[in-house]
Amino acid sequence: MNATTYAWLVLAFPLAGCLVNALGWRLLPPRAAGWIGTAAIALAFVNSIAALVALQDKPASGRELTSSLWTYASAAGLDIKVGILVDPLSVFMILVVTGVSTLIHLYSISYLESDRGYARYFSYLNFFVFSMLLLVLAGNFVLLIVGWAFVGFASYALISYWYRRNTATKAGMKAFVINVIGDIGLVLAAFFIFRELGTFDYLAIFSAAPQQFTTNEGVVVAICLLMLVGAFAKSAQLPLHTWLPDAMEGPTPVSALIHAATMVTAGVYLIARMHPLFLEAPTAADISAFLGLATLIFAATVALAVTDLKRIIAYSTISQIGYMVMGVSIGAYAAGLFHLMSHAFFKALLFMAAGSVIAAMAGTQNIDRMSGFRRALPFTSGLLIVGALALAAFPGTSGFFSKDEILAFAGERGGFYWILAIGGYVGAFLTAVYAFRIVFRVVYGEPCPEARELEQGHQAHAEPQNPLTGEKEDTDVGFPGPVHNIAERARPMAIAMAILGAGALFGGYIQVPGVDHVLDTFLEPTFEDSPLSRIHVPTATAWADLGIGGALSLLGIATAYYVYRVAPQTPERLRRRAHAVYTFLVNKWYFDELYDTLVYRPVIATGRFANAVLERVVVQGIVAATVDAVRGVSVIVRGAQSGFVRAYALLLVGGFAALGLYFLIVSS
Amino acid sequence: MDISWYLVLSALLFAIGAGGVLIRRSPLVILLCLELMLNAGNLALVAFARQHGDQDGQVFALIVMVVAACEVVVGLGLIVAMFRRRLPLNVDEMRDLRG
């Protein structure tokens, strides 16, 4: 079979899984939904591998395949097909998405076992993966926007999965609203492209763009900036990042899915996919790269201060996506996507480990309450450390090679791009500190009461309550189930985590400077039209940069060790000494408050004003005045309607007589 | 031939009819007076036709007679209906359409 046929099957299986679970859950055995959902994604993964093999059989110049099922719209020069584009980039993306999603589905089977609404969960989860696959396989802008919007909806549905929890539904709405802002940017960009180039088709756009646009022409910069609005909203980059930490309200596997596989990587993919346009608009690409840098440092500093376990990992995602955005914006396409892949491994792993810890803590997410899980949860602790090592770019792990490849490229491009490299290294140091802040707080130290209970063979139970507000809950549908599983006691969770752990440790060896460059070679057909892809970092420089990165990583881990293990009173002292800085960080640089002041409050105030003045005074005033005027006049006029027929007759006759007299007088 | 005598007669008949409609309260008499007014109009029409020497006015008069016949049918029907329902035969007492 052809590569495109496999690609269509990749799309078909998750959709089928979603529909079967959504429509057939009453007929199926109670816990079948999980296995159906997992099997659907696993089959999609198998087909992705088949597509990869089929694509590699072709000569390098022929690895851009398109296929369309039917014509979606055809009118007045507009020809939109339901078409996909299968090239190394999209195949790489579907491999990462389906591969990691399969493991997350597998993990969810056990983790959410006690939850009511299990089938709904897997139906949403399959739909989420389907939307993301549609997004990356789309062959034109219309289908891209469809997938883009589906992803936004699916994230809303899953973040609000525990729909009776107020904080969760609010977080879902926030994610949806910010994503819609991004959708608008993307749609406007598509309109501009159609106005300039007259087509929505990727390949036609890419071949026409270099002739149509001159470098840094206003319109192409506008197109790229509008696309960045879309990309940044999906990828949670400054200033549209505020939804992602709140998205932690969803179940932990959903966080893993959003962060590792399906959602936040969409922006990185978009920038990489649209590189022919960004080549014509280097200004937009530079803006994107520097916003990525700002994001990665901002998020890393916040991750140092917040105490919610899942939110620390969420900010670390924002920070790591900053690296990827920086990479694909400056032309280190393969490096950015390499980091995307290794990040998918270790971030999914970190979330799974966090989920296991949170389950052991009976829902508590505050790391101040956690400590000493190394004996109670040996497997989880081990994999949490593996994930943290990869996140901290410990020499030899996947994050080590992928992160440094981006920074080495930034250094190699020269000019002002060295700022990116230096900022990236600062970020890398902070990353190592906060990654091992988690490890030293959660894994080491005196066991907390929950850990002790687990050591004696009981899993802690708590009153079901909202971890944020402490509100009392029940365990019926719409709230979390009575207890979530820990990896030590659930085989599927352990398998998923072990595979991801292997990926996080050894995934980096596909691309070691001077040794091999599997990903570079594989992605070359997609990016060969970009002159930036021909910049190669000399092996010696690359290894020097790896040395710096490794040293910073070790330094960061050592710092964390000193602060959280050797002198555990240091954080408290720092907190008191630099109270202003601490408050600033723990309030996430006051971004939420800023948007609250700039957008939310003015809108609400305008609404109140409109209600009080426009609606109540002006509109209702006009209505009431009209009614009163009509009523007043009618009181006067009503007197004429006496009901006496003869009076009417008199008026008639008298009126005609008067008219006749008048005309007689006038005419004489 | 002088037409003014006919017109004077017609005007007198019309005035008598109009006066009757305005003054009398019995629906039957009002109906009679209406007929008088219509026929006054007919007289004028025929007189003008005669003066102009063509038939248009006469045709008009015929049509007015047809309309008058219809009107009498409806009017008498109403009066019979009122009588049957034992309503007072007095137009001043039927003022339900008062505003």
# chains A, B, ... in the order shown; residues from 1 in each chain; ligands from 1
$ interface_residues --of "chain B" --to "chain A" --cutoff "7 Å" --atoms "only C-alpha atoms" --output "list in words"
Leu22, Val91, Asp92, Arg95, Asp96, Leu97, Arg98 and Gly99 of chain B
$ write_last_selection --atoms "C-alpha atoms" --output "short mmCIF file (atom, residue, chain, number, x, y, z; two decimals), in the first residue's frame"
data_model
loop_
_atom_site.label_atom_id
_atom_site.label_comp_id
_atom_site.auth_asym_id
_atom_site.auth_seq_id
_atom_site.Cartn_x
_atom_site.Cartn_y
_atom_site.Cartn_z
CA LEU B 22 -79.29 61.81 10.97
CA VAL B 91 -79.60 52.55 16.59
CA ASP B 92 -78.64 54.69 19.58
CA ARG B 95 -73.08 51.40 20.65
CA ASP B 96 -70.79 48.51 21.57
CA LEU B 97 -68.04 49.96 19.38
CA ARG B 98 -67.68 52.91 21.74
CA GLY B 99 -63.97 53.77 22.17
#
$ residues_around --residues "region 51-58 of chain B" --least-positions-apart "6" --cutoff "12 Å" --atoms "only C-alpha atoms" --output "list in words"
Met1, Asp2, Ile3, Ser4, Tyr6, Leu7, Gly41, Asn42, Leu43, Ala44, Leu45, Val64 and Met65 of chain B
$ residues_around --residues "region 11-13 of chain B" --least-positions-apart "5" --cutoff "7 Å" --atoms "only C-alpha atoms" --output "list in words"
Leu36, Met37 and Ala40 of chain B
$ residues_around --residues "region 445-461 of chain A" --least-positions-apart "6" --cutoff "6 Å" --atoms "only C-alpha atoms" --output "MDAnalysis selection string"
chainID A and resid 361:362 371:373 376
$ write_last_selection --atoms "C-alpha atoms" --output "PDB file, in the first residue's frame"
ATOM      1  CA  MET A 361      -1.114  11.440  48.281  1.00  0.00           C
ATOM      2  CA  ALA A 362      -4.880  10.894  47.823  1.00  0.00           C
ATOM      3  CA  SER A 371       8.505  13.926  50.962  1.00  0.00           C
ATOM      4  CA  GLY A 372      10.333  10.642  51.231  1.00  0.00           C
ATOM      5  CA  PHE A 373       8.536   8.528  48.660  1.00  0.00           C
ATOM      6  CA  ALA A 376       7.070   3.708  49.402  1.00  0.00           C
TER       7      ALA A 376
END
$ select_by_dssp --residues "region 480-576 of chain A" --states "alpha helix (DSSP H)" --output "PyMOL selection string"
chain A and resi 491-506+518-527+539-561+570-576
$ atom_distance --atom1 "CA of Gln237 (chain A)" --atom2 "CA of Ala303 (chain A)"
14.7 Å
$ atom_distance --atom1 "CA of Gly218 (chain A)" --atom2 "CA of Tyr333 (chain A)"
24.5 Å
$ closest_residue --among "A:Val386, A:Ala334, A:Leu143, A:Ala299" --to "Ala428 (chain A)" --atoms "only C-alpha atoms"
A:Ala299
